[in-house]
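The structure file structure.pdb is reproduced below (PDB, C-alpha atoms).
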ATOM      1  CA  MET A 484      -6.847  10.967 -10.582
ATOM      2  CA  ALA A 485      -5.015  11.358 -13.889
ATOM      3  CA  ALA A 486      -5.918   8.013 -15.446
ATOM      4  CA  ALA A 487      -8.208   5.099 -14.671
ATOM      5  CA  HIS A 488      -6.088   2.186 -13.475
ATOM      6  CA  SER A 489      -7.145  -1.407 -13.909
ATOM      7  CA  ALA A 490      -7.934  -3.355 -10.760
ATOM      8  CA  ARG A 491      -8.741  -6.947  -9.864
ATOM      9  CA  VAL A 492     -10.777  -7.682  -6.736
ATOM     10  CA  LYS A 493     -10.587 -11.201  -5.294
ATOM     11  CA  ALA A 494     -12.699 -12.463  -2.378
ATOM     12  CA  ILE A 495     -10.319 -14.006   0.181
ATOM     13  CA  ARG A 496     -12.896 -16.490   1.499
ATOM     14  CA  THR A 497     -14.233 -17.838  -1.823
ATOM     15  CA  GLY A 498     -11.494 -16.984  -4.334
ATOM     16  CA  VAL A 499     -14.030 -15.338  -6.686
ATOM     17  CA  SER A 500     -12.487 -12.434  -8.600
ATOM     18  CA  VAL A 501     -13.617  -9.644 -10.920
ATOM     19  CA  ARG A 502     -11.726  -7.068 -12.992
ATOM     20  CA  GLY A 503     -12.562  -3.394 -13.352
ATOM     21  CA  LYS A 504     -11.282   0.189 -13.448
ATOM     22  CA  ILE A 505     -10.716   2.564 -10.536
ATOM     23  CA  VAL A 506     -12.990   5.529 -11.228
ATOM     24  CA  ALA A 507     -12.777   7.477  -7.949
ATOM     25  CA  TYR A 508     -11.016   7.690  -4.605
ATOM     26  CA  ASP A 509     -12.662   9.532  -1.715
ATOM     27  CA  ASP A 510     -13.501   9.246   1.986
ATOM     28  CA  ALA A 511     -15.953   6.428   1.206
ATOM     29  CA  GLY A 512     -13.154   4.353  -0.317
ATOM     30  CA  ILE A 513     -11.872   3.292  -3.704
ATOM     31  CA  HIS A 514     -14.611   3.073  -6.357
ATOM     32  CA  ILE A 515     -14.108   0.292  -8.917
ATOM     33  CA  GLN A 516     -16.289   0.134 -12.047
ATOM     34  CA  ILE A 517     -16.753  -3.602 -12.768
ATOM     35  CA  GLY A 518     -19.222  -3.636 -15.665
ATOM     36  CA  SER A 519     -22.430  -5.612 -15.318
ATOM     37  CA  LEU A 520     -22.318  -8.352 -12.672
ATOM     38  CA  PRO A 521     -25.902  -9.137 -11.607
ATOM     39  CA  ARG A 522     -24.847 -11.292  -8.632
ATOM     40  CA  ALA A 523     -22.203  -8.854  -7.351
ATOM     41  CA  ALA A 524     -23.951  -8.363  -3.990
ATOM     42  CA  SER A 525     -23.986 -12.114  -3.289
ATOM     43  CA  LEU A 526     -20.429 -12.664  -4.568
ATOM     44  CA  PHE A 527     -19.014  -9.639  -2.709
ATOM     45  CA  PRO A 528     -21.214  -8.954   0.354
ATOM     46  CA  ILE A 529     -20.625  -5.802   2.411
ATOM     47  CA  GLY A 530     -17.890  -6.443   4.976
ATOM     48  CA  GLU A 531     -16.305  -9.245   2.911
ATOM     49  CA  LYS A 532     -12.500  -9.313   3.023
ATOM     50  CA  VAL A 533     -11.048  -8.978  -0.475
ATOM     51  CA  GLN A 534      -7.658  -8.432  -2.074
ATOM     52  CA  MET A 535      -7.459  -5.630  -4.616
ATOM     53  CA  THR A 536      -4.614  -5.734  -7.160
ATOM     54  CA  VAL A 537      -3.964  -2.504  -9.062
ATOM     55  CA  SER A 538      -1.789  -2.166 -12.171
ATOM     56  CA  THR A 539      -0.032   1.150 -12.820
ATOM     57  CA  ALA A 540       3.024   2.396 -14.672
ATOM     58  CA  ALA A 541       4.921   1.881 -11.396
ATOM     59  CA  GLY A 542       3.970  -1.825 -11.248
ATOM     60  CA  ARG A 543       1.335  -4.017  -9.639
ATOM     61  CA  HIS A 544       0.249  -3.573  -6.033
ATOM     62  CA  THR A 545      -2.155  -5.591  -3.880
ATOM     63  CA  VAL A 546      -3.966  -4.465  -0.741
ATOM     64  CA  ASP A 547      -6.229  -6.318   1.683
ATOM     65  CA  THR A 548      -9.511  -4.422   1.763
ATOM     66  CA  LEU A 549     -13.136  -4.723   2.838
ATOM     67  CA  ILE A 550     -16.210  -4.304   0.650
ATOM     68  CA  LYS A 551     -17.980  -1.114   1.785
ATOM     69  CA  ARG A 552     -20.633  -0.776  -0.929
ATOM     70  CA  VAL A 553     -21.697  -2.912  -3.891
ATOM     71  CA  SER A 554     -24.014  -2.672  -6.890
ATOM     72  CA  ASP A 555     -24.275  -4.582 -10.178
ATOM     73  CA  ASP A 556     -21.551  -2.436 -11.747
ATOM     74  CA  LEU A 557     -19.596  -0.817  -8.878
ATOM     75  CA  LEU A 558     -17.597  -1.993  -5.865
ATOM     76  CA  VAL A 559     -16.393   0.402  -3.172
ATOM     77  CA  VAL A 560     -13.545  -0.987  -1.078
ATOM     78  CA  GLN A 561     -11.629   0.388   1.881
ATOM     79  CA  ALA A 562      -8.447  -0.774   3.621
ATOM     80  CA  SER A 563      -9.116  -3.405   6.258
ATOM     81  CA  THR A 564      -9.145  -2.050   9.806
ATOM     82  CA  VAL A 565      -8.767  -5.489  11.415
ATOM     83  CA  MET A 566      -5.465  -5.421  13.314
ATOM     84  CA  THR A 567      -3.676  -7.787  15.655
ATOM     85  CA  ARG A 568      -2.492  -6.651  19.079
ATOM     86  CA  GLN A 569       1.072  -6.539  17.704
ATOM     87  CA  GLN A 570      -0.012  -4.216  14.866
ATOM     88  CA  ARG A 571      -1.750  -1.890  17.355
ATOM     89  CA  ARG A 572       1.412  -1.801  19.496
ATOM     90  CA  ARG A 573       3.416  -0.848  16.428
ATOM     91  CA  GLY A 574       1.355   2.309  15.907
ATOM     92  CA  ASN A 575      -1.454   1.145  13.613
ATOM     93  CA  ARG A 576       0.861  -0.167  10.921
ATOM     94  CA  GLN A 577      -0.853  -1.307   7.740
ATOM     95  CA  PRO A 578       0.715  -4.154   5.713
ATOM     96  CA  CYS A 579       1.560  -3.346   2.096
ATOM     97  CA  ARG A 580       3.918  -4.136  -0.783
ATOM     98  CA  VAL A 581       5.055  -0.959  -2.566
ATOM     99  CA  ALA A 582       8.252  -0.656  -4.600
ATOM    100  CA  CYS A 583      10.535   2.167  -3.502
ATOM    101  CA  THR A 584      14.000   3.583  -4.025
ATOM    102  CA  PHE A 585      16.113   5.121  -1.290
ATOM    103  CA  ARG A 586      19.499   6.674  -0.620
ATOM    104  CA  ASP A 587      21.430   8.338   2.176
ATOM    105  CA  LEU A 588      20.055  11.820   2.907
ATOM    106  CA  ASP A 589      23.555  13.331   2.707
ATOM    107  CA  GLN A 590      24.227  11.887  -0.748
ATOM    108  CA  GLN A 591      23.868  14.647  -3.349
ATOM    109  CA  GLU A 592      22.909  12.573  -6.408
ATOM    110  CA  GLY A 593      22.723   9.026  -7.762
ATOM    111  CA  GLY A 594      23.181   5.985  -5.573
ATOM    112  CA  TRP A 595      19.491   5.075  -5.428
ATOM    113  CA  LEU A 596      18.905   1.560  -4.075
ATOM    114  CA  ASP A 597      15.820  -0.596  -4.624
ATOM    115  CA  GLY A 598      13.560  -1.726  -1.815
ATOM    116  CA  GLU A 599       9.977  -2.551  -0.966
ATOM    117  CA  ILE A 600       7.769  -0.965   1.689
ATOM    118  CA  HIS A 601       6.195  -3.828   3.688
ATOM    119  CA  ASP A 602       4.145  -1.809   6.157
ATOM    120  CA  ILE A 603       3.390   1.818   6.878
ATOM    121  CA  SER A 604       1.924   3.974   9.621
ATOM    122  CA  HIS A 605       1.444   7.710   9.968
ATOM    123  CA  GLY A 606       4.840   7.818  11.683
ATOM    124  CA  GLY A 607       7.020   5.524   9.597
ATOM    125  CA  MET A 608       7.467   2.437   7.450
ATOM    126  CA  LYS A 609       9.274  -0.887   7.177
ATOM    127  CA  ILE A 610      11.525  -1.195   4.115
ATOM    128  CA  VAL A 611      12.814  -4.586   2.952
ATOM    129  CA  SER A 612      15.993  -4.522   0.865
ATOM    130  CA  PRO A 613      19.246  -6.451   0.543
ATOM    131  CA  ASN A 614      20.895  -3.023   1.070
ATOM    132  CA  ALA A 615      19.936  -2.203   4.669
ATOM    133  CA  TYR A 616      21.397   0.844   6.439
ATOM    134  CA  GLU A 617      22.357   0.879  10.127
ATOM    135  CA  ALA A 618      20.187   2.448  12.844
ATOM    136  CA  GLY A 619      20.653   6.226  12.981
ATOM    137  CA  ALA A 620      21.120   6.673   9.221
ATOM    138  CA  CYS A 621      18.848   9.231   7.549
ATOM    139  CA  LEU A 622      17.346   8.345   4.167
ATOM    140  CA  VAL A 623      15.381   9.867   1.324
ATOM    141  CA  VAL A 624      12.679   7.437   0.117
ATOM    142  CA  LYS A 625      10.725   7.715  -3.168
ATOM    143  CA  TYR A 626       7.600   5.662  -3.906
ATOM    144  CA  CYS A 627       4.453   5.924  -6.030
ATOM    145  CA  LEU A 628       0.916   5.606  -4.747
ATOM    146  CA  PHE A 629      -1.001   3.125  -6.862
ATOM    147  CA  ALA A 630      -3.497   5.739  -8.024
ATOM    148  CA  GLU A 631      -0.815   8.228  -9.055
ATOM    149  CA  ASP A 632       2.275   8.081 -11.250
ATOM    150  CA  ILE A 633       4.004  11.016  -9.505
ATOM    151  CA  PRO A 634       6.514   9.815  -6.885
ATOM    152  CA  VAL A 635       6.151  10.780  -3.230
ATOM    153  CA  VAL A 636       9.403  11.788  -1.524
ATOM    154  CA  ALA A 637       9.806  11.273   2.230
ATOM    155  CA  THR A 638      12.770  11.544   4.571
ATOM    156  CA  GLY A 639      13.290   9.451   7.654
ATOM    157  CA  GLU A 640      15.681   8.032  10.209
ATOM    158  CA  ILE A 641      16.410   4.312  10.556
ATOM    159  CA  THR A 642      15.369   3.352  14.096
ATOM    160  CA  HIS A 643      16.222  -0.346  13.824
ATOM    161  CA  GLN A 644      17.211  -2.973  11.288
ATOM    162  CA  GLY A 645      17.356  -6.740  11.183
ATOM    163  CA  VAL A 646      16.410  -9.910   9.329
ATOM    164  CA  ASP A 647      12.772 -11.060   9.167
ATOM    165  CA  ASP A 648      11.491 -14.654   9.401
ATOM    166  CA  LYS A 649      11.920 -15.044   5.613
ATOM    167  CA  GLY A 650      15.608 -14.122   5.815
ATOM    168  CA  GLN A 651      15.100 -10.665   4.280
ATOM    169  CA  ASN A 652      16.973  -7.590   5.525
ATOM    170  CA  TYR A 653      14.647  -4.841   6.731
ATOM    171  CA  MET A 654      14.839  -1.338   8.188
ATOM    172  CA  GLY A 655      12.356   0.472  10.426
ATOM    173  CA  LEU A 656      12.166   4.088   9.255
ATOM    174  CA  LYS A 657      10.667   6.928  11.337
ATOM    175  CA  PHE A 658       9.452   9.808   9.165
ATOM    176  CA  LEU A 659      11.294  13.096   9.538
ATOM    177  CA  HIS A 660       9.224  14.542   6.708
ATOM    178  CA  ALA A 661       6.494  12.946   4.598
ATOM    179  CA  PRO A 662       3.764  14.815   2.741
ATOM    180  CA  ARG A 663       0.783  14.276   5.079
ATOM    181  CA  LEU A 664      -1.876  13.678   2.439
ATOM    182  CA  GLU A 665       0.215  11.112   0.576
ATOM    183  CA  ALA A 666       1.252   9.271   3.761
ATOM    184  CA  ARG A 667      -2.385   9.181   4.909
ATOM    185  CA  ARG A 668      -3.604   7.942   1.516
ATOM    186  CA  LEU A 669      -0.929   5.229   1.403
ATOM    187  CA  PHE A 670      -1.822   4.142   4.940
ATOM    188  CA  ASP A 671      -5.552   4.118   4.159
ATOM    189  CA  ALA A 672      -5.207   2.336   0.825
ATOM    190  CA  SER A 673      -2.056   0.318   1.613
ATOM    191  CA  PRO A 674      -1.131  -1.619  -1.533
ATOM    192  CA  SER A 675      -0.052  -5.073  -0.421
ATOM    193  CA  THR A 676       1.516  -8.191  -1.944
ATOM    194  CA  VAL A 677       1.768  -8.625  -5.713
TER
END

Take the structure from the file and write it as structure tokens.
Amino acid sequence: MAAAHSARVKAIRTGVSVRGKIVAYDDAGIHIQIGSLPRAASLFPIGEKVQMTVSTAAGRHTVDTLIKRVSDDLLVVQASTVMTRQQRRRGNRQPCRVACTFRDLDQQEGGWLDGEIHDISHGGMKIVSPNAYEAGACLVVKYCLFAEDIPVVATGEITHQGVDDKGQNYMGLKFLHAPRLEARRLFDASPSTV
């Protein structure tokens, strides 16, 4: 990780929050240095659902996570694995909110449109944007993982599009090519609502 990013962890059940810095990311989860908090274990018990908001040069991202390990000065969180039946049917999609830009794959330059990734799986993602493409279109999508400032570039085909219950246009994109490590890390860490 190039730089330590600031993070805020908020317990969903109690609303208690703490600020810190991300100091590591590994198979155990995301390690957040929180300074001295003597009651951390009682405020953030293992298994507690929390929201983690991370600030980077690319913006702020929030992900629903679970506390995996806690000490007086360190929290280790990992993306929540609790899924509804609908999420399992959709191929283990993980909710998130990540800013992205996209354009038609055949377009040589320029023409980037803004969107937001609302969920992701190992096979694709849902992009919300007022500029939705029709099913069958192939896109190039660029986004930044919250722990990195280098954009990830993926290509995919629109499998469906529509309007969600909030009246927002969305597109379902099936990956044609996405760097495996980055797609896995985004799925595992899944930044969510701001």

* Best match for closeness to Phe658 of chain A among A:Leu520, A:Val611, A:Ile633, A:Val623, counting only C-alpha atoms ->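 Smallest distance to Phe658 of chain A is found for A:Val623.
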
* Hits from the PyMOL selection byres ((chain A and resi 607) around 9), listed as a PyMOL selection string -> chain A and resi 576+602-606+608-609+639+655-659+661

* Could you state which residues are captured by the PyMOL selection byres ((chain A and resi 595) around 7) in this file, as a list in words? => Thr584, Phe585, Arg586, Gly593, Gly594, Leu596 and Asp597 of chain A

* Asked: Could you work out how far atom CA of Gln577 of chain A lies from atom CA of Arg502 of chain A, giving the answer in Å with one decimal?
  -> 24.1 Å

* To do: Report the distance between atom CA of Asp555 of chain A and atom CA of Val499 of chain A in Å, rounded to one decimal place.
  => 15.3 Å

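Across the structure, atom CA of Pro528 of chain A and atom CA of Ser554 of chain A are spaced 10.0 Å apart.
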
* **Surrounding residues of Met535 of chain A excluding itself and chain neighbours under 2 positions, 9 Å, only C-alpha atoms, as a ChimeraX atom specification** => /A:490-494,533,537,544-548,560,674-675

* Which is closest to Ala507 of chain A among A:Met654, A:Lys532, A:His488, A:Ala524, if we use all atoms listed in the file? -> A:His488

* To do: Please work out which residues fall within 8 Å of (18.4, 11.1, 8.3), coordinates as given in the file, with only C-alpha atoms counting, and return them as a VMD selection string.
  => chain A and resid 587 to 589 619 to 623 638 to 641 659

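Close contacts of Gln644 of chain A, defined as residues with an atom at most 8 Å away when counting all atoms listed in the file, with chain neighbours fewer than 6 positions off set aside, comprise Ala615, Tyr616, Glu617, Ala618, Asn652, Tyr653, Met654 and Gly655 of chain A.
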